[in-house]
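Enquirer: A single structure is presented below for examination.
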Amino acid sequence: MHEGAIVRSLFNIVESYRSKAELKEVHKVKAVIGELHQVVDEFMSMYFDFMKAEIEGFENAVLEIEKRYPVLRCDNCKETDILKEAVFTCSKCNSGRTEIIQGNELYVDSIEGC
Ligand SMILES: [Zn+2]
């Protein structure tokens with residue numbers, strides 16, 4: 001289970017931003033997470049609530065997660081397709097020259113506070 005490590009790194013990012021922006025309280029943290037990271041939202045919230053209790057100014061903070069589904073693009077025919085299983089060949093032309101163009105995201109999108 002890697003949600004704990006991910007939430008910890010989100011907190012590190014938020015904390016470094018927070019000191020620069022001089023936010024006393026954080027109200028909302030929005031993270032964008034690609035589905036290829038296979039995080040369980042409930043575990044993310046659980047770790048977030050667990051860790052925020054240790055940090056002053058996070059008492060009312062909530063975590064919002066925006067998921068991005070995985071998309072494969074073919075270098076051969078330029079088609080894009082939603083990746084449904086671990087098959088990385090193009091569904092249109094069968095080429096193996098594909099790359100994942102969405103679904104690997106993992107970043108803090110926005111922080112709200114005062
Ligand atoms: Zn193709």
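Order determines the names: the first chain of the structure tokens is A, the second B, and so forth; residues in each chain are numbered 1 upward, and ligands are numbered 1 upward as they are shown.
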Residues within 10 Å of ligand 1, counting only C-alpha atoms and all ligand atoms: report them as a list in words.

Expert: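 Listed by chain and ascending number, the contacts are Leu72, Arg73, Cys74, Asp75, Asn76, Cys77, Lys78, Glu79, Thr80, Asp81, Thr89, Cys90, Ser91, Lys92, Cys93, Asn94, Ser95, Gly96, Arg97 and Thr98 of chain A.
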
Enquirer: With N, CA and C atoms retained, export the selected residues as a JSON list (two decimals), in the first residue's frame.

Expert:
[["chain", "number", "residue", "atom", "x", "y", "z"],
["A", 72, "LEU", "N", -3.46, 5.90, -24.18],
["A", 72, "LEU", "CA", -2.32, 5.42, -24.98],
["A", 72, "LEU", "C", -2.37, 6.11, -26.35],
["A", 73, "ARG", "N", -1.23, 6.59, -26.84],
["A", 73, "ARG", "CA", -1.19, 7.15, -28.18],
["A", 73, "ARG", "C", -0.23, 6.34, -29.05],
["A", 74, "CYS", "N", -0.69, 6.07, -30.25],
["A", 74, "CYS", "CA", 0.10, 5.28, -31.19],
["A", 74, "CYS", "C", 1.00, 6.19, -32.01],
["A", 75, "ASP", "N", 2.32, 5.88, -32.03],
["A", 75, "ASP", "CA", 3.26, 6.66, -32.84],
["A", 75, "ASP", "C", 3.10, 6.37, -34.33],
["A", 76, "ASN", "N", 2.52, 5.23, -34.64],
["A", 76, "ASN", "CA", 2.39, 4.81, -36.03],
["A", 76, "ASN", "C", 1.19, 5.47, -36.72],
["A", 77, "CYS", "N", -0.02, 5.28, -36.16],
["A", 77, "CYS", "CA", -1.21, 5.82, -36.83],
["A", 77, "CYS", "C", -1.77, 7.05, -36.11],
["A", 78, "LYS", "N", -1.12, 7.45, -35.01],
["A", 78, "LYS", "CA", -1.48, 8.66, -34.26],
["A", 78, "LYS", "C", -2.84, 8.58, -33.54],
["A", 79, "GLU", "N", -3.43, 7.41, -33.51],
["A", 79, "GLU", "CA", -4.69, 7.23, -32.79],
["A", 79, "GLU", "C", -4.43, 7.26, -31.28],
["A", 80, "THR", "N", -5.44, 7.71, -30.54],
["A", 80, "THR", "CA", -5.36, 7.58, -29.09],
["A", 80, "THR", "C", -6.49, 6.68, -28.62],
["A", 81, "ASP", "N", -6.26, 6.01, -27.51],
["A", 81, "ASP", "CA", -7.25, 5.07, -27.00],
["A", 81, "ASP", "C", -7.13, 5.00, -25.48],
["A", 89, "THR", "N", -0.27, -2.38, -27.10],
["A", 89, "THR", "CA", -0.24, -2.28, -28.55],
["A", 89, "THR", "C", -1.47, -1.49, -29.01],
["A", 90, "CYS", "N", -1.36, -0.86, -30.18],
["A", 90, "CYS", "CA", -2.43, -0.02, -30.71],
["A", 90, "CYS", "C", -3.63, -0.89, -31.09],
["A", 91, "SER", "N", -4.82, -0.46, -30.66],
["A", 91, "SER", "CA", -6.01, -1.25, -30.97],
["A", 91, "SER", "C", -6.47, -1.05, -32.42],
["A", 92, "LYS", "N", -5.94, -0.02, -33.08],
["A", 92, "LYS", "CA", -6.33, 0.25, -34.47],
["A", 92, "LYS", "C", -5.40, -0.44, -35.47],
["A", 93, "CYS", "N", -4.08, -0.29, -35.28],
["A", 93, "CYS", "CA", -3.14, -0.82, -36.27],
["A", 93, "CYS", "C", -2.21, -1.89, -35.70],
["A", 94, "ASN", "N", -2.36, -2.17, -34.40],
["A", 94, "ASN", "CA", -1.58, -3.24, -33.76],
["A", 94, "ASN", "C", -0.11, -2.90, -33.56],
["A", 95, "SER", "N", 0.27, -1.67, -33.81],
["A", 95, "SER", "CA", 1.66, -1.27, -33.62],
["A", 95, "SER", "C", 2.03, -1.30, -32.14],
["A", 96, "GLY", "N", 3.29, -1.65, -31.87],
["A", 96, "GLY", "CA", 3.78, -1.62, -30.50],
["A", 96, "GLY", "C", 4.43, -0.29, -30.15],
["A", 97, "ARG", "N", 4.47, 0.61, -31.11],
["A", 97, "ARG", "CA", 5.10, 1.91, -30.89],
["A", 97, "ARG", "C", 4.08, 2.87, -30.28],
["A", 98, "THR", "N", 3.81, 2.66, -29.03],
["A", 98, "THR", "CA", 2.81, 3.48, -28.35],
["A", 98, "THR", "C", 3.42, 4.12, -27.12]]

Enquirer: Near Glu3 of chain A, within 9 Å and counting only C-alpha atoms, which residues show up once chain neighbours fewer than 6 positions away are dropped, as an mmCIF file with N, CA and C atoms, in the first residue's frame?

Expert:
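Below is the file part_25.cif, written as the result:
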data_model
loop_
_atom_site.group_PDB
_atom_site.id
_atom_site.type_symbol
_atom_site.label_atom_id
_atom_site.label_comp_id
_atom_site.auth_asym_id
_atom_site.auth_seq_id
_atom_site.Cartn_x
_atom_site.Cartn_y
_atom_site.Cartn_z
ATOM 1 N N VAL A 39 -4.191 4.272 -6.850
ATOM 2 C CA VAL A 39 -4.443 4.618 -5.453
ATOM 3 C C VAL A 39 -5.924 4.376 -5.137
ATOM 4 N N VAL A 40 -6.167 4.046 -3.907
ATOM 5 C CA VAL A 40 -7.526 3.871 -3.420
ATOM 6 C C VAL A 40 -7.907 5.170 -2.699
ATOM 7 N N ASP A 41 -8.943 5.836 -3.207
ATOM 8 C CA ASP A 41 -9.316 7.155 -2.676
ATOM 9 C C ASP A 41 -9.567 7.128 -1.171
ATOM 10 N N PHE A 43 -8.236 5.217 1.068
ATOM 11 C CA PHE A 43 -6.963 5.155 1.797
ATOM 12 C C PHE A 43 -6.271 6.515 1.763
ATOM 13 N N MET A 44 -6.382 7.194 0.621
ATOM 14 C CA MET A 44 -5.786 8.528 0.513
ATOM 15 C C MET A 44 -6.395 9.452 1.561
ATOM 16 N N TYR A 47 -5.231 8.470 5.172
ATOM 17 C CA TYR A 47 -3.873 8.935 5.477
ATOM 18 C C TYR A 47 -3.834 10.449 5.603
#

Enquirer: Quick one: of A:Val87, A:Ile33, A:Val108, A:Cys114, who's nearest to Ser16 of chain A, counting only C-alpha atoms?

Expert: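 When distances to Ser16 of chain A are compared using only C-alpha atoms, the smallest one comes from A:Val108.
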
Enquirer: What does the structure give for the distance between atom CA of Ile82 of chain A and atom CA of Ser9 of chain A, in Å to one decimal?

Expert: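 Between atom CA of Ile82 of chain A and atom CA of Ser9 of chain A the gap is 28.0 Å.
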
Enquirer: From a backbone DSSP assignment, name each residue in segment 40-91 of chain A labelled helix (DSSP H, G or I), as a list of chain:residue names.

Expert: A:Asp41, A:Glu42, A:Phe43, A:Met44, A:Ser45, A:Met46, A:Tyr47, A:Phe48, A:Asp49, A:Phe50, A:Met51, A:Lys52

Enquirer: Please identify all polymer residues within 10 Å of segment 4-6 of chain A, counting only C-alpha atoms, omitting same-chain residues fewer than 3 positions from it, and present them as a list of chain:residue names.

Expert: A:Met1, A:Ser9, A:Leu10, A:Phe11, A:Asn12, A:His37, A:Val39, A:Phe43, A:Met44, A:Ser45, A:Met46, A:Tyr47, A:Phe48, A:Phe50, A:Met51, A:Leu106, A:Tyr107

Enquirer: Could you check how far atom CA of Val71 of chain A sits from atom CA of Lys28 of chain A, in Å to one decimal?

Expert: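 Between atom CA of Val71 of chain A and atom CA of Lys28 of chain A the gap works out to 28.0 Å.
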
Enquirer: Find the spatial neighbours of segment 62-69 of chain A, counting only C-alpha atoms, within a cut-off of 7 Å - ignore same-chain residues fewer than 4 positions away - and output them as a list in words.

Expert: His27, Lys28, Val29, Lys30, Ala31, Val32, Ile33, Gly34, Glu35, Ser45, Gln102 and Gly103 of chain A

Enquirer: Could you pull out the residues in chain A that DSSP calls strand (DSSP E or B) from the backbone, as a short mmCIF file (atom, residue, chain, number, x, y, z; two decimals) with N, CA and C atoms, in the first residue's frame?

Expert:
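Okay, this is what ended up in part31.cif:
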data_model
loop_
_atom_site.label_atom_id
_atom_site.label_comp_id
_atom_site.auth_asym_id
_atom_site.auth_seq_id
_atom_site.Cartn_x
_atom_site.Cartn_y
_atom_site.Cartn_z
N VAL A 26 -4.79 25.89 5.93
CA VAL A 26 -5.05 25.26 4.64
C VAL A 26 -6.46 24.67 4.69
N HIS A 27 -7.27 25.01 3.70
CA HIS A 27 -8.66 24.53 3.68
C HIS A 27 -8.86 23.37 2.71
N LYS A 28 -8.16 23.46 1.59
CA LYS A 28 -8.36 22.40 0.60
C LYS A 28 -7.08 22.16 -0.18
N VAL A 29 -6.80 20.89 -0.39
CA VAL A 29 -5.68 20.50 -1.23
C VAL A 29 -6.26 19.67 -2.37
N LYS A 30 -6.00 20.11 -3.59
CA LYS A 30 -6.49 19.33 -4.73
C LYS A 30 -5.30 18.66 -5.42
N ALA A 31 -5.39 17.36 -5.56
CA ALA A 31 -4.33 16.60 -6.21
C ALA A 31 -4.86 15.94 -7.46
N VAL A 32 -4.04 15.90 -8.49
CA VAL A 32 -4.38 15.18 -9.72
C VAL A 32 -3.56 13.89 -9.73
N ILE A 33 -4.26 12.79 -9.84
CA ILE A 33 -3.59 11.49 -9.77
C ILE A 33 -4.05 10.59 -10.91
N GLY A 34 -3.09 10.15 -11.71
CA GLY A 34 -3.40 9.24 -12.80
C GLY A 34 -3.77 7.86 -12.27
N VAL A 62 -9.36 19.62 3.65
CA VAL A 62 -9.91 18.44 2.97
C VAL A 62 -9.07 18.15 1.73
N LEU A 63 -9.04 16.90 1.37
CA LEU A 63 -8.31 16.47 0.19
C LEU A 63 -9.29 16.18 -0.93
N GLU A 64 -9.06 16.82 -2.08
CA GLU A 64 -9.87 16.51 -3.26
C GLU A 64 -8.96 15.85 -4.28
N ILE A 65 -9.43 14.75 -4.82
CA ILE A 65 -8.63 14.02 -5.79
C ILE A 65 -9.32 14.04 -7.15
N GLU A 66 -8.56 14.46 -8.15
CA GLU A 66 -9.07 14.35 -9.52
C GLU A 66 -8.31 13.24 -10.20
N LYS A 67 -9.05 12.24 -10.64
CA LYS A 67 -8.42 11.10 -11.29
C LYS A 67 -8.29 11.35 -12.79
N ARG A 68 -7.24 10.80 -13.39
CA ARG A 68 -7.07 10.86 -14.85
C ARG A 68 -6.93 9.43 -15.36
N VAL A 71 -4.41 6.99 -21.05
CA VAL A 71 -4.61 7.10 -22.48
C VAL A 71 -3.30 6.72 -23.19
N LEU A 72 -3.46 5.90 -24.18
CA LEU A 72 -2.32 5.42 -24.98
C LEU A 72 -2.37 6.11 -26.35
N ARG A 73 -1.23 6.59 -26.84
CA ARG A 73 -1.19 7.15 -28.18
C ARG A 73 -0.23 6.34 -29.05
N CYS A 74 -0.69 6.07 -30.25
CA CYS A 74 0.10 5.28 -31.19
C CYS A 74 1.00 6.19 -32.01
N THR A 80 -5.44 7.71 -30.54
CA THR A 80 -5.36 7.58 -29.09
C THR A 80 -6.49 6.68 -28.62
N ASP A 81 -6.26 6.01 -27.51
CA ASP A 81 -7.25 5.07 -27.00
C ASP A 81 -7.13 5.00 -25.48
N ILE A 82 -8.24 4.75 -24.84
CA ILE A 82 -8.22 4.58 -23.39
C ILE A 82 -7.63 3.21 -23.08
N THR A 98 3.81 2.66 -29.03
CA THR A 98 2.81 3.48 -28.35
C THR A 98 3.42 4.12 -27.12
N GLU A 99 2.79 5.18 -26.68
CA GLU A 99 3.23 5.78 -25.41
C GLU A 99 2.02 6.22 -24.61
N ILE A 100 2.21 6.22 -23.30
CA ILE A 100 1.15 6.66 -22.41
C ILE A 100 1.20 8.18 -22.32
N ILE A 101 0.10 8.82 -22.70
CA ILE A 101 0.10 10.30 -22.69
C ILE A 101 -0.76 10.86 -21.56
N GLN A 102 -1.47 10.01 -20.88
CA GLN A 102 -2.25 10.44 -19.71
C GLN A 102 -2.43 9.25 -18.79
N LEU A 106 0.78 12.85 -11.14
CA LEU A 106 0.77 12.84 -9.68
C LEU A 106 1.30 14.19 -9.21
N TYR A 107 0.39 15.12 -8.96
CA TYR A 107 0.85 16.45 -8.55
C TYR A 107 -0.23 17.19 -7.76
N VAL A 108 0.22 18.18 -7.04
CA VAL A 108 -0.71 19.06 -6.33
C VAL A 108 -1.19 20.10 -7.33
N ASP A 109 -2.48 20.14 -7.56
CA ASP A 109 -3.05 21.05 -8.55
C ASP A 109 -3.30 22.42 -7.95
N SER A 110 -3.87 22.46 -6.74
CA SER A 110 -4.14 23.75 -6.11
C SER A 110 -4.24 23.59 -4.60
N ILE A 111 -4.00 24.70 -3.93
CA ILE A 111 -4.08 24.75 -2.48
C ILE A 111 -4.92 25.97 -2.11
N GLU A 112 -5.93 25.74 -1.28
CA GLU A 112 -6.74 26.88 -0.82
C GLU A 112 -6.52 27.06 0.67
N GLY A 113 -6.47 28.32 1.05
CA GLY A 113 -6.29 28.61 2.48
C GLY A 113 -6.31 30.11 2.71
#

Enquirer: Atom CA of Phe58 of chain A and atom CA of Asn104 of chain A are how many Å apart?

Expert: 27.4 Å

Enquirer: Would you please work out which residue, of A:Ala53, A:Glu15, A:Asn60, A:Leu36, is nearest to Ala86 of chain A when using only C-alpha atoms?

Expert: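 That would be A:Leu36, the residue with the smallest distance to Ala86 of chain A.
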